[in-house]
Amino acid sequence: MKRVACEFEADVLRAVWGSQWPEELRTHAAGCDICKDVAAVAGAFDGAREELAGSAELPDAGRVWRMSQLRARREAVRVAGRPITAVQVIAFAGATGLIGAFFGATSEWFQALVKRVDLAGASTALMKVLVEHGAFVGGMAAIVLLVPTAVYVAMGRE
Amino acid sequence: MTKRTSMLRDTTISELCRSDAAGEAAVEFVLDEDAFRGFYERTARGLWAYLVRLTGSREQADDLLQETFYRFLRAGSEHENEAHRRNSLYRIATNLARDERRRDVVRRILSGAEVEGIASLEGGGDAEGKADLSRAMASLRPRERAMLWLAYAEGATHEEIAGTIGVRPGSLKTLLFRARRKMAGLLSGGAR
């Protein structure tokens, strides 16, 4: 089985970082492909981290803390508002249904209109449309249902 | 550079003052402010360097750094010790960098624009050597870059690296071996 690690890797890493190579380790590394690679890679990174990190212009901790606090407050308000919005939508739909039912039950002209309409003919025509254009109607129905859901989910993720 | 929506950057000092003046209750984070300040001072520079190496862009690293600390604070995870806390921070950063890279790919496809090269990071000093390092890093896969940087610049253990990049600890030795071979080959000027 091919060797993928060497027990002296950590020693080699320390030697590179400390620029101190005991003779035994140097001899080992010269003949070990794994340790040679460790030395090459660690040597290339040596100092690069400190130099790169030292060049960073970072915001101070207090600012990051305060901005995080403000953002968290905003998100808390938004999250708290979302269930209310959903409840409002359900309440509106329910109220509309109730008003419609009340109107249908009490309005004489509406009831007269319903009697005049050929419901049997209308339902036959509707069935015909569904049979002939079922896929299209199904697609449209899916879009009508999915788009608001997708928008809701996307807004929730922001 | 493409504009990103960093909510932290969009927040102004006057908004912060208004928020404080309004007496809005502080949100409870995983650390209190003093502990956070200490943790930030100890980790921010190293994390930023890691993000620069992962993304190849200082600007992206700036944004991702702030986002990383915000998500860390909001995560609400309990940490056993400083090392565990630090691993958690690096894992968040790694995931954010990966997501950002995916978005970049989409943006690139949509706009047909060139991507900012990692080699452009370096300047001054031993410019040639640094450019070699950057070019070699740019030739690696993002996960390879992350592994090598964590192992040989940060000195992270195999378990820590596995946790950060999301692979099984048992697989890490082999993955690290391959990445190291590739990097050493690139640094010596030839593929292995």
# chains A, B, ... in the order shown; residues from 1 in each chain; ligands from 1
>>> interface_residues(of="chain B", to="chain A", cutoff="6 Å", atoms="only C-alpha atoms", output="list of chain:residue names")
B:Leu8, B:Arg37, B:Arg45, B:Gly46, B:Ala49, B:Tyr70, B:Tyr152, B:Ala153, B:Thr174, B:Phe177, B:Ala184
>>> atom_distance(atom1="atom CA of B:Leu65", atom2="atom CA of B:Val167")
22.7 Å
>>> residues_around(residues="B:Gly189", least_positions_apart="6", cutoff="12 Å", atoms="only C-alpha atoms", output="list in words")
Asp132, Leu133, Arg135, Ala136, Lys182 and Met183 of chain B
>>> select_by_dssp(residues="chain A", states="helix (DSSP H, G or I)", output="MDAnalysis selection string")
chainID A and resid 9:18 23:31 33:45 48:54 61:106 108:116 119:132 134:157
>>> residues_around(residues="B:His84", least_positions_apart="4", cutoff="12 Å", atoms="only C-alpha atoms", output="tab-separated table (two decimals) with N, CA and C atoms, in the first residue's frame")
chain	number	residue	atom	x	y	z
B	77	SER	N	-23.88	28.13	18.92
B	77	SER	CA	-23.30	26.84	19.31
B	77	SER	C	-22.46	27.00	20.57
B	78	GLU	N	-22.48	25.96	21.36
B	78	GLU	CA	-21.61	25.94	22.55
B	78	GLU	C	-20.25	25.40	22.12
B	79	HIS	N	-19.19	26.00	22.63
B	79	HIS	CA	-17.84	25.53	22.29
B	79	HIS	C	-17.11	25.11	23.55
B	80	GLU	N	-16.42	23.97	23.41
B	80	GLU	CA	-15.73	23.42	24.58
B	80	GLU	C	-14.52	24.27	24.96
B	88	SER	N	-14.83	26.17	14.50
B	88	SER	CA	-16.19	26.51	14.09
B	88	SER	C	-16.16	27.75	13.19
B	89	LEU	N	-15.36	28.72	13.58
B	89	LEU	CA	-15.23	29.96	12.79
B	89	LEU	C	-14.68	29.66	11.40
B	90	TYR	N	-13.65	28.85	11.33
B	90	TYR	CA	-13.04	28.51	10.04
B	90	TYR	C	-13.99	27.68	9.17
B	91	ARG	N	-14.80	26.85	9.81
B	91	ARG	CA	-15.75	26.06	9.03
B	91	ARG	C	-16.78	26.98	8.37
B	156	ALA	N	-2.89	23.58	11.66
B	156	ALA	CA	-4.05	22.85	12.19
B	156	ALA	C	-3.81	21.33	12.15
B	157	THR	N	-4.44	20.62	13.07
B	157	THR	CA	-4.31	19.16	13.08
B	157	THR	C	-5.20	18.55	11.99
B	159	GLU	N	-7.56	16.40	12.32
B	159	GLU	CA	-8.95	16.39	12.78
B	159	GLU	C	-9.58	17.77	12.58
B	160	GLU	N	-8.82	18.79	12.91
B	160	GLU	CA	-9.34	20.15	12.76
B	160	GLU	C	-9.60	20.46	11.29
B	161	ILE	N	-8.67	20.06	10.44
B	161	ILE	CA	-8.84	20.35	9.00
B	161	ILE	C	-10.05	19.59	8.46
B	163	GLY	N	-12.68	18.63	10.03
B	163	GLY	CA	-13.90	19.29	10.52
B	163	GLY	C	-14.18	20.57	9.77
B	164	THR	N	-13.14	21.30	9.45
B	164	THR	CA	-13.32	22.60	8.79
B	164	THR	C	-13.79	22.45	7.35
